[in-house]
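What follows is the content of structure.csv (CSV, N, CA and C atoms).
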```
chain,number,residue,atom,x,y,z
Y,122,ILE,N,-230.3,62.4,-25.9
Y,122,ILE,CA,-229.0,61.8,-26.2
Y,122,ILE,C,-229.1,60.4,-25.7
Y,123,SER,N,-228.7,59.4,-26.6
Y,123,SER,CA,-228.8,58.0,-26.2
Y,123,SER,C,-227.8,57.2,-27.0
Y,124,HIS,N,-227.4,56.0,-26.4
Y,124,HIS,CA,-226.6,55.1,-27.2
Y,124,HIS,C,-227.4,54.4,-28.3
Y,125,CYS,N,-228.7,54.5,-28.1
Y,125,CYS,CA,-229.7,54.0,-29.2
Y,125,CYS,C,-229.7,52.5,-29.4
Y,126,GLY,N,-229.8,51.8,-28.3
Y,126,GLY,CA,-230.0,50.3,-28.4
Y,126,GLY,C,-231.5,50.2,-28.8
Y,127,ASN,N,-231.9,49.0,-29.1
Y,127,ASN,CA,-233.2,48.7,-29.6
Y,127,ASN,C,-234.3,49.2,-28.6
Y,128,ASN,N,-234.2,49.0,-27.3
Y,128,ASN,CA,-235.2,49.5,-26.4
Y,128,ASN,C,-235.3,51.0,-26.4
Y,129,GLY,N,-234.1,51.7,-26.4
Y,129,GLY,CA,-234.1,53.2,-26.5
Y,129,GLY,C,-234.7,53.7,-27.8
Y,130,ARG,N,-234.5,53.0,-28.9
Y,130,ARG,CA,-235.0,53.4,-30.2
Y,130,ARG,C,-236.6,53.3,-30.1
Y,131,LEU,N,-237.1,52.2,-29.6
Y,131,LEU,CA,-238.5,52.0,-29.5
Y,131,LEU,C,-239.2,53.0,-28.5
Y,132,GLU,N,-238.5,53.3,-27.4
Y,132,GLU,CA,-239.0,54.3,-26.5
Y,132,GLU,C,-239.1,55.7,-27.0
Y,133,THR,N,-238.0,56.1,-27.7
Y,133,THR,CA,-238.1,57.4,-28.3
Y,133,THR,C,-239.2,57.6,-29.3
Y,134,THR,N,-239.4,56.5,-30.1
Y,134,THR,CA,-240.4,56.6,-31.1
Y,134,THR,C,-241.8,56.6,-30.4
Y,135,PHE,N,-242.0,55.7,-29.4
Y,135,PHE,CA,-243.3,55.7,-28.7
Y,135,PHE,C,-243.6,57.0,-28.1
Y,136,TYR,N,-242.6,57.6,-27.4
Y,136,TYR,CA,-242.9,58.9,-26.7
Y,136,TYR,C,-242.7,60.1,-27.6
Y,137,ASN,N,-242.4,59.9,-28.9
Y,137,ASN,CA,-242.2,61.0,-29.9
Y,137,ASN,C,-241.1,62.0,-29.4
Y,138,VAL,N,-240.0,61.5,-29.0
Y,138,VAL,CA,-238.9,62.3,-28.5
Y,138,VAL,C,-237.7,62.2,-29.5
Y,139,PRO,N,-237.4,63.2,-30.2
Y,139,PRO,CA,-236.2,63.2,-31.1
Y,139,PRO,C,-235.0,62.8,-30.3
Y,140,VAL,N,-234.1,62.1,-31.0
Y,140,VAL,CA,-232.9,61.6,-30.3
Y,140,VAL,C,-231.6,61.8,-31.0
Y,141,LEU,N,-230.6,62.1,-30.3
Y,141,LEU,CA,-229.2,62.1,-30.9
Y,141,LEU,C,-228.6,60.8,-30.5
Y,142,CYS,N,-228.3,60.0,-31.4
Y,142,CYS,CA,-227.7,58.7,-31.1
Y,142,CYS,C,-226.2,58.8,-31.2
Y,143,ILE,N,-225.6,58.2,-30.1
Y,143,ILE,CA,-224.1,58.0,-30.1
Y,143,ILE,C,-223.9,56.5,-29.8
Y,144,PRO,N,-224.0,55.7,-30.9
Y,144,PRO,CA,-223.9,54.3,-30.7
Y,144,PRO,C,-222.5,53.8,-30.3
Y,145,GLN,N,-222.5,52.7,-29.5
Y,145,GLN,CA,-221.2,52.2,-29.0
Y,145,GLN,C,-220.9,50.8,-29.5
Y,146,ILE,N,-221.9,49.8,-29.2
Y,146,ILE,CA,-221.6,48.4,-29.5
Y,146,ILE,C,-222.9,47.7,-30.0
Y,147,VAL,N,-222.8,46.5,-30.4
Y,147,VAL,CA,-223.8,45.5,-30.7
Y,147,VAL,C,-224.9,46.1,-31.6
Y,148,ASP,N,-226.1,46.2,-31.2
Y,148,ASP,CA,-227.2,46.6,-32.1
Y,148,ASP,C,-227.3,48.2,-32.2
Y,149,GLN,N,-226.5,48.9,-31.4
Y,149,GLN,CA,-226.7,50.3,-31.4
Y,149,GLN,C,-226.4,51.0,-32.7
Y,150,PRO,N,-225.3,50.7,-33.5
Y,150,PRO,CA,-225.1,51.4,-34.7
Y,150,PRO,C,-226.2,51.1,-35.7
Y,151,ILE,N,-226.8,49.9,-35.8
Y,151,ILE,CA,-227.9,49.7,-36.7
Y,151,ILE,C,-229.1,50.5,-36.3
Y,152,CYS,N,-229.4,50.5,-35.0
Y,152,CYS,CA,-230.6,51.2,-34.5
Y,152,CYS,C,-230.4,52.7,-34.7
Y,153,ALA,N,-229.2,53.2,-34.6
Y,153,ALA,CA,-228.9,54.6,-34.8
Y,153,ALA,C,-229.2,55.0,-36.3
Y,154,GLU,N,-228.8,54.1,-37.2
Y,154,GLU,CA,-229.0,54.3,-38.6
Y,154,GLU,C,-230.5,54.3,-38.9
Y,155,ILE,N,-231.3,53.4,-38.3
Y,155,ILE,CA,-232.7,53.4,-38.4
Y,155,ILE,C,-233.3,54.7,-38.0
Y,156,ILE,N,-232.9,55.2,-36.9
Y,156,ILE,CA,-233.3,56.5,-36.4
Y,156,ILE,C,-233.1,57.6,-37.4
Y,157,LYS,N,-231.9,57.6,-37.9
Y,157,LYS,CA,-231.5,58.6,-38.9
Y,157,LYS,C,-232.2,58.5,-40.2
Y,158,MET,N,-232.3,57.2,-40.7
Y,158,MET,CA,-233.0,57.0,-42.0
Y,158,MET,C,-234.5,57.4,-41.9
Y,159,ASN,N,-235.1,57.2,-40.8
Y,159,ASN,CA,-236.5,57.6,-40.7
Y,159,ASN,C,-236.7,59.0,-40.2
Y,160,ARG,N,-235.7,59.7,-40.1
Y,160,ARG,CA,-235.7,61.1,-39.7
Y,160,ARG,C,-236.4,61.3,-38.3
Y,161,PHE,N,-236.0,60.4,-37.4
Y,161,PHE,CA,-236.5,60.6,-36.0
Y,161,PHE,C,-235.4,61.3,-35.1
Y,162,GLY,N,-234.2,61.5,-35.7
Y,162,GLY,CA,-233.1,62.1,-35.0
Y,162,GLY,C,-231.9,62.0,-35.8
Y,163,GLU,N,-230.7,62.1,-35.2
Y,163,GLU,CA,-229.5,62.1,-35.9
Y,163,GLU,C,-228.5,61.1,-35.2
Y,164,SER,N,-227.5,60.7,-35.9
Y,164,SER,CA,-226.5,59.8,-35.4
Y,164,SER,C,-225.1,60.4,-35.4
Y,165,LEU,N,-224.3,60.1,-34.4
Y,165,LEU,CA,-223.0,60.7,-34.4
Y,165,LEU,C,-222.1,59.6,-33.7
Y,166,MET,N,-221.0,59.3,-34.3
Y,166,MET,CA,-220.0,58.4,-33.7
Y,166,MET,C,-219.3,59.1,-32.5
Y,167,ALA,N,-219.0,58.4,-31.5
Y,167,ALA,CA,-218.4,58.9,-30.3
Y,167,ALA,C,-217.1,59.7,-30.6
Y,168,LYS,N,-216.3,59.3,-31.5
Y,168,LYS,CA,-215.1,60.0,-31.8
Y,168,LYS,C,-215.3,61.4,-32.4
Y,169,ASP,N,-216.5,61.6,-33.0
Y,169,ASP,CA,-216.9,62.8,-33.6
Y,169,ASP,C,-217.6,63.8,-32.7
Y,170,VAL,N,-217.9,63.4,-31.5
Y,170,VAL,CA,-218.7,64.3,-30.6
Y,170,VAL,C,-218.0,65.6,-30.4
Y,171,PRO,N,-216.7,65.7,-30.1
Y,171,PRO,CA,-216.1,67.0,-29.8
Y,171,PRO,C,-216.1,67.9,-31.0
Y,172,ILE,N,-216.1,67.3,-32.2
Y,172,ILE,CA,-216.0,68.1,-33.4
Y,172,ILE,C,-217.4,68.5,-33.9
Y,173,LEU,N,-218.4,67.6,-33.9
Y,173,LEU,CA,-219.7,67.8,-34.6
Y,173,LEU,C,-220.9,68.0,-33.7
Y,174,ALA,N,-220.8,67.7,-32.4
Y,174,ALA,CA,-222.0,67.7,-31.6
Y,174,ALA,C,-222.7,69.0,-31.5
Y,175,LYS,N,-222.0,70.1,-31.3
Y,175,LYS,CA,-222.6,71.4,-31.2
Y,175,LYS,C,-223.5,71.8,-32.4
Y,176,ASP,N,-222.9,71.6,-33.6
Y,176,ASP,CA,-223.7,72.0,-34.8
Y,176,ASP,C,-224.9,71.0,-35.0
Y,177,LEU,N,-224.7,69.7,-34.7
Y,177,LEU,CA,-225.7,68.8,-34.9
Y,177,LEU,C,-226.9,69.0,-33.9
Y,178,VAL,N,-226.6,69.3,-32.6
Y,178,VAL,CA,-227.6,69.6,-31.7
Y,178,VAL,C,-228.4,70.9,-32.1
Y,179,ALA,N,-227.7,71.9,-32.6
Y,179,ALA,CA,-228.3,73.1,-33.0
Y,179,ALA,C,-229.3,72.8,-34.2
Y,180,LYS,N,-228.8,71.9,-35.1
Y,180,LYS,CA,-229.7,71.5,-36.2
Y,180,LYS,C,-230.9,70.8,-35.7
Y,181,MET,N,-230.7,69.9,-34.8
Y,181,MET,CA,-231.9,69.1,-34.2
Y,181,MET,C,-232.9,70.1,-33.5
Y,182,LEU,N,-232.4,71.0,-32.8
Y,182,LEU,CA,-233.3,72.0,-32.1
Y,182,LEU,C,-234.1,72.8,-33.1
Y,183,SER,N,-233.4,73.2,-34.2
Y,183,SER,CA,-234.2,74.0,-35.2
Y,183,SER,C,-235.2,73.2,-36.0
Y,184,ASN,N,-235.0,71.9,-36.0
Y,184,ASN,CA,-235.9,71.0,-36.8
Y,184,ASN,C,-236.7,70.1,-35.9
Y,185,HIS,N,-236.8,70.4,-34.6
Y,185,HIS,CA,-237.5,69.6,-33.6
Y,185,HIS,C,-238.9,69.1,-34.1
Y,186,GLY,N,-239.7,70.1,-34.6
Y,186,GLY,CA,-241.0,69.7,-35.0
Y,186,GLY,C,-241.1,68.7,-36.1
Y,187,SER,N,-240.1,68.8,-37.0
Y,187,SER,CA,-240.0,67.8,-38.2
Y,187,SER,C,-239.8,66.4,-37.7
Y,188,TYR,N,-238.8,66.3,-36.7
Y,188,TYR,CA,-238.5,65.0,-36.2
Y,188,TYR,C,-239.7,64.4,-35.5
Y,189,GLN,N,-240.4,65.3,-34.6
Y,189,GLN,CA,-241.6,64.8,-33.9
Y,189,GLN,C,-242.7,64.4,-34.9
Y,190,GLU,N,-242.9,65.1,-35.9
Y,190,GLU,CA,-243.9,64.8,-36.9
Y,190,GLU,C,-243.6,63.4,-37.5
Y,191,ASN,N,-242.4,63.1,-37.9
Y,191,ASN,CA,-242.0,61.8,-38.4
Y,191,ASN,C,-242.3,60.7,-37.4
Y,192,MET,N,-241.9,61.0,-36.2
Y,192,MET,CA,-242.1,60.0,-35.1
Y,192,MET,C,-243.5,59.7,-34.8
Y,193,LYS,N,-244.3,60.8,-34.9
Y,193,LYS,CA,-245.8,60.6,-34.6
Y,193,LYS,C,-246.4,59.7,-35.7
Y,194,LYS,N,-246.0,59.9,-36.9
Y,194,LYS,CA,-246.6,59.1,-38.0
Y,194,LYS,C,-246.2,57.6,-37.7
Y,195,ALA,N,-245.0,57.3,-37.4
Y,195,ALA,CA,-244.5,55.9,-37.1
Y,195,ALA,C,-245.3,55.4,-35.9
Y,196,SER,N,-245.4,56.2,-34.9
Y,196,SER,CA,-246.2,55.7,-33.7
Y,196,SER,C,-247.6,55.4,-34.0
Y,197,ASP,N,-248.2,56.2,-34.8
Y,197,ASP,CA,-249.6,56.0,-35.2
Y,197,ASP,C,-249.8,54.7,-36.0
Y,198,ILE,N,-248.8,54.4,-36.9
Y,198,ILE,CA,-248.9,53.2,-37.7
Y,198,ILE,C,-248.8,52.0,-36.8
Y,199,VAL,N,-247.9,52.0,-35.8
Y,199,VAL,CA,-247.7,50.9,-34.9
Y,199,VAL,C,-249.0,50.7,-34.1
Y,200,GLU,N,-249.5,51.8,-33.5
Y,200,GLU,CA,-250.7,51.7,-32.7
Y,200,GLU,C,-251.9,51.2,-33.4
Y,201,ASN,N,-252.0,51.5,-34.7
Y,201,ASN,CA,-253.2,51.2,-35.5
Y,201,ASN,C,-253.1,50.0,-36.4
Y,202,GLU,N,-252.0,49.3,-36.3
Y,202,GLU,CA,-251.8,48.1,-37.2
Y,202,GLU,C,-252.7,47.0,-36.7
Y,203,PRO,N,-253.1,46.1,-37.6
Y,203,PRO,CA,-253.9,45.0,-37.2
Y,203,PRO,C,-253.0,44.1,-36.2
Y,204,GLY,N,-253.7,43.5,-35.3
Y,204,GLY,CA,-253.0,42.7,-34.4
Y,204,GLY,C,-252.2,43.5,-33.4
Y,205,ASN,N,-252.9,44.2,-32.5
Y,205,ASN,CA,-252.2,45.1,-31.6
Y,205,ASN,C,-251.4,44.3,-30.6
Y,206,VAL,N,-250.6,44.9,-29.7
Y,206,VAL,CA,-249.7,44.3,-28.8
Y,206,VAL,C,-250.5,43.4,-27.8
Y,207,ARG,N,-251.6,43.8,-27.3
Y,207,ARG,CA,-252.4,43.0,-26.4
Y,207,ARG,C,-252.8,41.7,-27.1
Y,208,GLU,N,-253.3,41.8,-28.3
Y,208,GLU,CA,-253.7,40.6,-29.0
Y,208,GLU,C,-252.5,39.6,-29.2
Y,209,ASN,N,-251.4,40.2,-29.6
Y,209,ASN,CA,-250.2,39.4,-29.8
Y,209,ASN,C,-249.8,38.7,-28.5
Y,210,LEU,N,-249.8,39.4,-27.4
Y,210,LEU,CA,-249.4,38.9,-26.1
Y,210,LEU,C,-250.3,37.7,-25.7
Y,211,VAL,N,-251.6,37.9,-25.9
Y,211,VAL,CA,-252.6,36.9,-25.5
Y,211,VAL,C,-252.3,35.6,-26.4
Y,212,PHE,N,-252.1,35.9,-27.7
Y,212,PHE,CA,-251.9,34.7,-28.6
Y,212,PHE,C,-250.7,33.9,-28.2
Y,213,TYR,N,-249.6,34.6,-27.9
Y,213,TYR,CA,-248.4,33.8,-27.5
Y,213,TYR,C,-248.4,33.2,-26.2
Y,214,VAL,N,-249.1,33.8,-25.2
Y,214,VAL,CA,-249.3,33.2,-23.9
Y,214,VAL,C,-250.1,31.9,-24.1
Y,215,GLU,N,-251.2,32.0,-24.8
Y,215,GLU,CA,-252.0,30.8,-25.1
Y,215,GLU,C,-251.3,29.8,-25.8
Y,216,HIS,N,-250.5,30.2,-26.8
Y,216,HIS,CA,-249.7,29.2,-27.6
Y,216,HIS,C,-248.7,28.4,-26.7
Y,217,VAL,N,-248.0,29.1,-25.9
Y,217,VAL,CA,-247.0,28.5,-25.0
Y,217,VAL,C,-247.8,27.6,-24.0
Y,218,ALA,N,-248.9,28.0,-23.5
Y,218,ALA,CA,-249.7,27.2,-22.5
Y,218,ALA,C,-250.2,25.9,-23.2
Y,219,LYS,N,-250.6,26.0,-24.5
Y,219,LYS,CA,-251.1,24.9,-25.2
Y,219,LYS,C,-250.0,23.9,-25.7
Y,220,TYR,N,-248.9,24.4,-26.2
Y,220,TYR,CA,-247.9,23.6,-26.9
Y,220,TYR,C,-246.6,23.4,-26.0
Y,221,LYS,N,-246.5,24.1,-24.9
Y,221,LYS,CA,-245.4,24.0,-24.0
Y,221,LYS,C,-244.0,24.2,-24.6
Y,222,ASN,N,-243.9,24.6,-25.9
Y,222,ASN,CA,-242.6,24.7,-26.5
Y,222,ASN,C,-242.7,25.8,-27.6
Y,223,VAL,N,-241.7,26.7,-27.6
Y,223,VAL,CA,-241.7,27.7,-28.6
Y,223,VAL,C,-240.3,27.7,-29.3
Y,224,ASP,N,-239.6,26.6,-29.2
Y,224,ASP,CA,-238.2,26.5,-29.7
Y,224,ASP,C,-238.2,26.1,-31.1
Y,225,TYR,N,-238.8,26.8,-32.0
Y,225,TYR,CA,-238.8,26.5,-33.4
Y,225,TYR,C,-238.5,27.7,-34.3
```

Would you write out, as structure tokens, the structure that this file holds?
Amino acid sequence: ISHCGNNGRLETTFYNVPVLCIPQIVDQPICAEIIKMNRFGESLMAKDVPILAKDLVAKMLSNHGSYQENMKKASDIVENEPGNVRENLVFYVEHVAKYKNVDY
């Protein structure tokens, strides 16, 4: 269970952990919809928790493998895409060192 900010969304995907999103503010509703759209978990508004949470959690537990399978595919895509994280980090550190400015 998470408020599903962007960091939480990325962490649940990276670790292949299905999530029940209960978004509150800022980026959380959008991230919760991304989670739901990609079938990595479900989303529930805080006002609906007393009414719907029990059934939604039961649904998630019965479909746990399906959520994990969807998340594993996404994680594999990110890990295997050209230009991995290390390469991107090196590029931008060298870029800042060379040009001293990234405000564009």

### Query
atom CA of Y:Ile122 and atom N of Y:Met181 are how many Å apart?
11.9 Å

#### Entry: Point (-233.4, 57.0, -38.8), cut-off 12 Å, counting only C-alpha atoms, residues as a VMD selection string
chain Y and resid 125 130 to 131 133 to 134 139 to 142 150 to 165 188 191 to 192 195

Would you write out those residues with N, CA and C atoms, as an mmCIF file, in the coordinates of the input?
```
data_model
loop_
_atom_site.group_PDB
_atom_site.id
_atom_site.type_symbol
_atom_site.label_atom_id
_atom_site.label_comp_id
_atom_site.auth_asym_id
_atom_site.auth_seq_id
_atom_site.Cartn_x
_atom_site.Cartn_y
_atom_site.Cartn_z
ATOM 1 N N CYS Y 125 -228.700 54.500 -28.100
ATOM 2 C CA CYS Y 125 -229.700 54.000 -29.200
ATOM 3 C C CYS Y 125 -229.700 52.500 -29.400
ATOM 4 N N ARG Y 130 -234.500 53.000 -28.900
ATOM 5 C CA ARG Y 130 -235.000 53.400 -30.200
ATOM 6 C C ARG Y 130 -236.600 53.300 -30.100
ATOM 7 N N LEU Y 131 -237.100 52.200 -29.600
ATOM 8 C CA LEU Y 131 -238.500 52.000 -29.500
ATOM 9 C C LEU Y 131 -239.200 53.000 -28.500
ATOM 10 N N THR Y 133 -238.000 56.100 -27.700
ATOM 11 C CA THR Y 133 -238.100 57.400 -28.300
ATOM 12 C C THR Y 133 -239.200 57.600 -29.300
ATOM 13 N N THR Y 134 -239.400 56.500 -30.100
ATOM 14 C CA THR Y 134 -240.400 56.600 -31.100
ATOM 15 C C THR Y 134 -241.800 56.600 -30.400
ATOM 16 N N PRO Y 139 -237.400 63.200 -30.200
ATOM 17 C CA PRO Y 139 -236.200 63.200 -31.100
ATOM 18 C C PRO Y 139 -235.000 62.800 -30.300
ATOM 19 N N VAL Y 140 -234.100 62.100 -31.000
ATOM 20 C CA VAL Y 140 -232.900 61.600 -30.300
ATOM 21 C C VAL Y 140 -231.600 61.800 -31.000
ATOM 22 N N LEU Y 141 -230.600 62.100 -30.300
ATOM 23 C CA LEU Y 141 -229.200 62.100 -30.900
ATOM 24 C C LEU Y 141 -228.600 60.800 -30.500
ATOM 25 N N CYS Y 142 -228.300 60.000 -31.400
ATOM 26 C CA CYS Y 142 -227.700 58.700 -31.100
ATOM 27 C C CYS Y 142 -226.200 58.800 -31.200
ATOM 28 N N PRO Y 150 -225.300 50.700 -33.500
ATOM 29 C CA PRO Y 150 -225.100 51.400 -34.700
ATOM 30 C C PRO Y 150 -226.200 51.100 -35.700
ATOM 31 N N ILE Y 151 -226.800 49.900 -35.800
ATOM 32 C CA ILE Y 151 -227.900 49.700 -36.700
ATOM 33 C C ILE Y 151 -229.100 50.500 -36.300
ATOM 34 N N CYS Y 152 -229.400 50.500 -35.000
ATOM 35 C CA CYS Y 152 -230.600 51.200 -34.500
ATOM 36 C C CYS Y 152 -230.400 52.700 -34.700
ATOM 37 N N ALA Y 153 -229.200 53.200 -34.600
ATOM 38 C CA ALA Y 153 -228.900 54.600 -34.800
ATOM 39 C C ALA Y 153 -229.200 55.000 -36.300
ATOM 40 N N GLU Y 154 -228.800 54.100 -37.200
ATOM 41 C CA GLU Y 154 -229.000 54.300 -38.600
ATOM 42 C C GLU Y 154 -230.500 54.300 -38.900
ATOM 43 N N ILE Y 155 -231.300 53.400 -38.300
ATOM 44 C CA ILE Y 155 -232.700 53.400 -38.400
ATOM 45 C C ILE Y 155 -233.300 54.700 -38.000
ATOM 46 N N ILE Y 156 -232.900 55.200 -36.900
ATOM 47 C CA ILE Y 156 -233.300 56.500 -36.400
ATOM 48 C C ILE Y 156 -233.100 57.600 -37.400
ATOM 49 N N LYS Y 157 -231.900 57.600 -37.900
ATOM 50 C CA LYS Y 157 -231.500 58.600 -38.900
ATOM 51 C C LYS Y 157 -232.200 58.500 -40.200
ATOM 52 N N MET Y 158 -232.300 57.200 -40.700
ATOM 53 C CA MET Y 158 -233.000 57.000 -42.000
ATOM 54 C C MET Y 158 -234.500 57.400 -41.900
ATOM 55 N N ASN Y 159 -235.100 57.200 -40.800
ATOM 56 C CA ASN Y 159 -236.500 57.600 -40.700
ATOM 57 C C ASN Y 159 -236.700 59.000 -40.200
ATOM 58 N N ARG Y 160 -235.700 59.700 -40.100
ATOM 59 C CA ARG Y 160 -235.700 61.100 -39.700
ATOM 60 C C ARG Y 160 -236.400 61.300 -38.300
ATOM 61 N N PHE Y 161 -236.000 60.400 -37.400
ATOM 62 C CA PHE Y 161 -236.500 60.600 -36.000
ATOM 63 C C PHE Y 161 -235.400 61.300 -35.100
ATOM 64 N N GLY Y 162 -234.200 61.500 -35.700
ATOM 65 C CA GLY Y 162 -233.100 62.100 -35.000
ATOM 66 C C GLY Y 162 -231.900 62.000 -35.800
ATOM 67 N N GLU Y 163 -230.700 62.100 -35.200
ATOM 68 C CA GLU Y 163 -229.500 62.100 -35.900
ATOM 69 C C GLU Y 163 -228.500 61.100 -35.200
ATOM 70 N N SER Y 164 -227.500 60.700 -35.900
ATOM 71 C CA SER Y 164 -226.500 59.800 -35.400
ATOM 72 C C SER Y 164 -225.100 60.400 -35.400
ATOM 73 N N LEU Y 165 -224.300 60.100 -34.400
ATOM 74 C CA LEU Y 165 -223.000 60.700 -34.400
ATOM 75 C C LEU Y 165 -222.100 59.600 -33.700
ATOM 76 N N TYR Y 188 -238.800 66.300 -36.700
ATOM 77 C CA TYR Y 188 -238.500 65.000 -36.200
ATOM 78 C C TYR Y 188 -239.700 64.400 -35.500
ATOM 79 N N ASN Y 191 -242.400 63.100 -37.900
ATOM 80 C CA ASN Y 191 -242.000 61.800 -38.400
ATOM 81 C C ASN Y 191 -242.300 60.700 -37.400
ATOM 82 N N MET Y 192 -241.900 61.000 -36.200
ATOM 83 C CA MET Y 192 -242.100 60.000 -35.100
ATOM 84 C C MET Y 192 -243.500 59.700 -34.800
ATOM 85 N N ALA Y 195 -245.000 57.300 -37.400
ATOM 86 C CA ALA Y 195 -244.500 55.900 -37.100
ATOM 87 C C ALA Y 195 -245.300 55.400 -35.900
#
```

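Atom N of Y:Glu132 is positioned 13.6 Å from atom CA of Y:Gln189.
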
### Message
Please report the interatomic distance between atom C of Y:Ile146 and atom CA of Y:Asn127 in Å with one decimal.
### Response
10.4 Å

### Task
Could you give me, as a PyMOL selection string, each residue of chain Y that DSSP assigns to strand (DSSP E) when run on this structure's backbone?
chain Y and resi 140-142+162-164

### Query
Skipping near chain neighbours, those fewer than 3 positions away, what residues fall within 6 Å of Y:His124 using all atoms listed in the file, listed as a ChimeraX atom specification?
/Y:142-145,149

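Among the candidates Y:Tyr136, Y:Asn128, Y:Ala174, Y:Ser123, the residue lying nearest to Y:Lys193 is Y:Tyr136 (atoms considered: only C-alpha atoms).
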
### Message
Please identify the helix (DSSP H, G or I) residues within stretch 140-201 of chain Y (assignment by DSSP from backbone atoms) and present them as a ChimeraX atom specification.
### Response
/Y:149-158,167-183,185-201
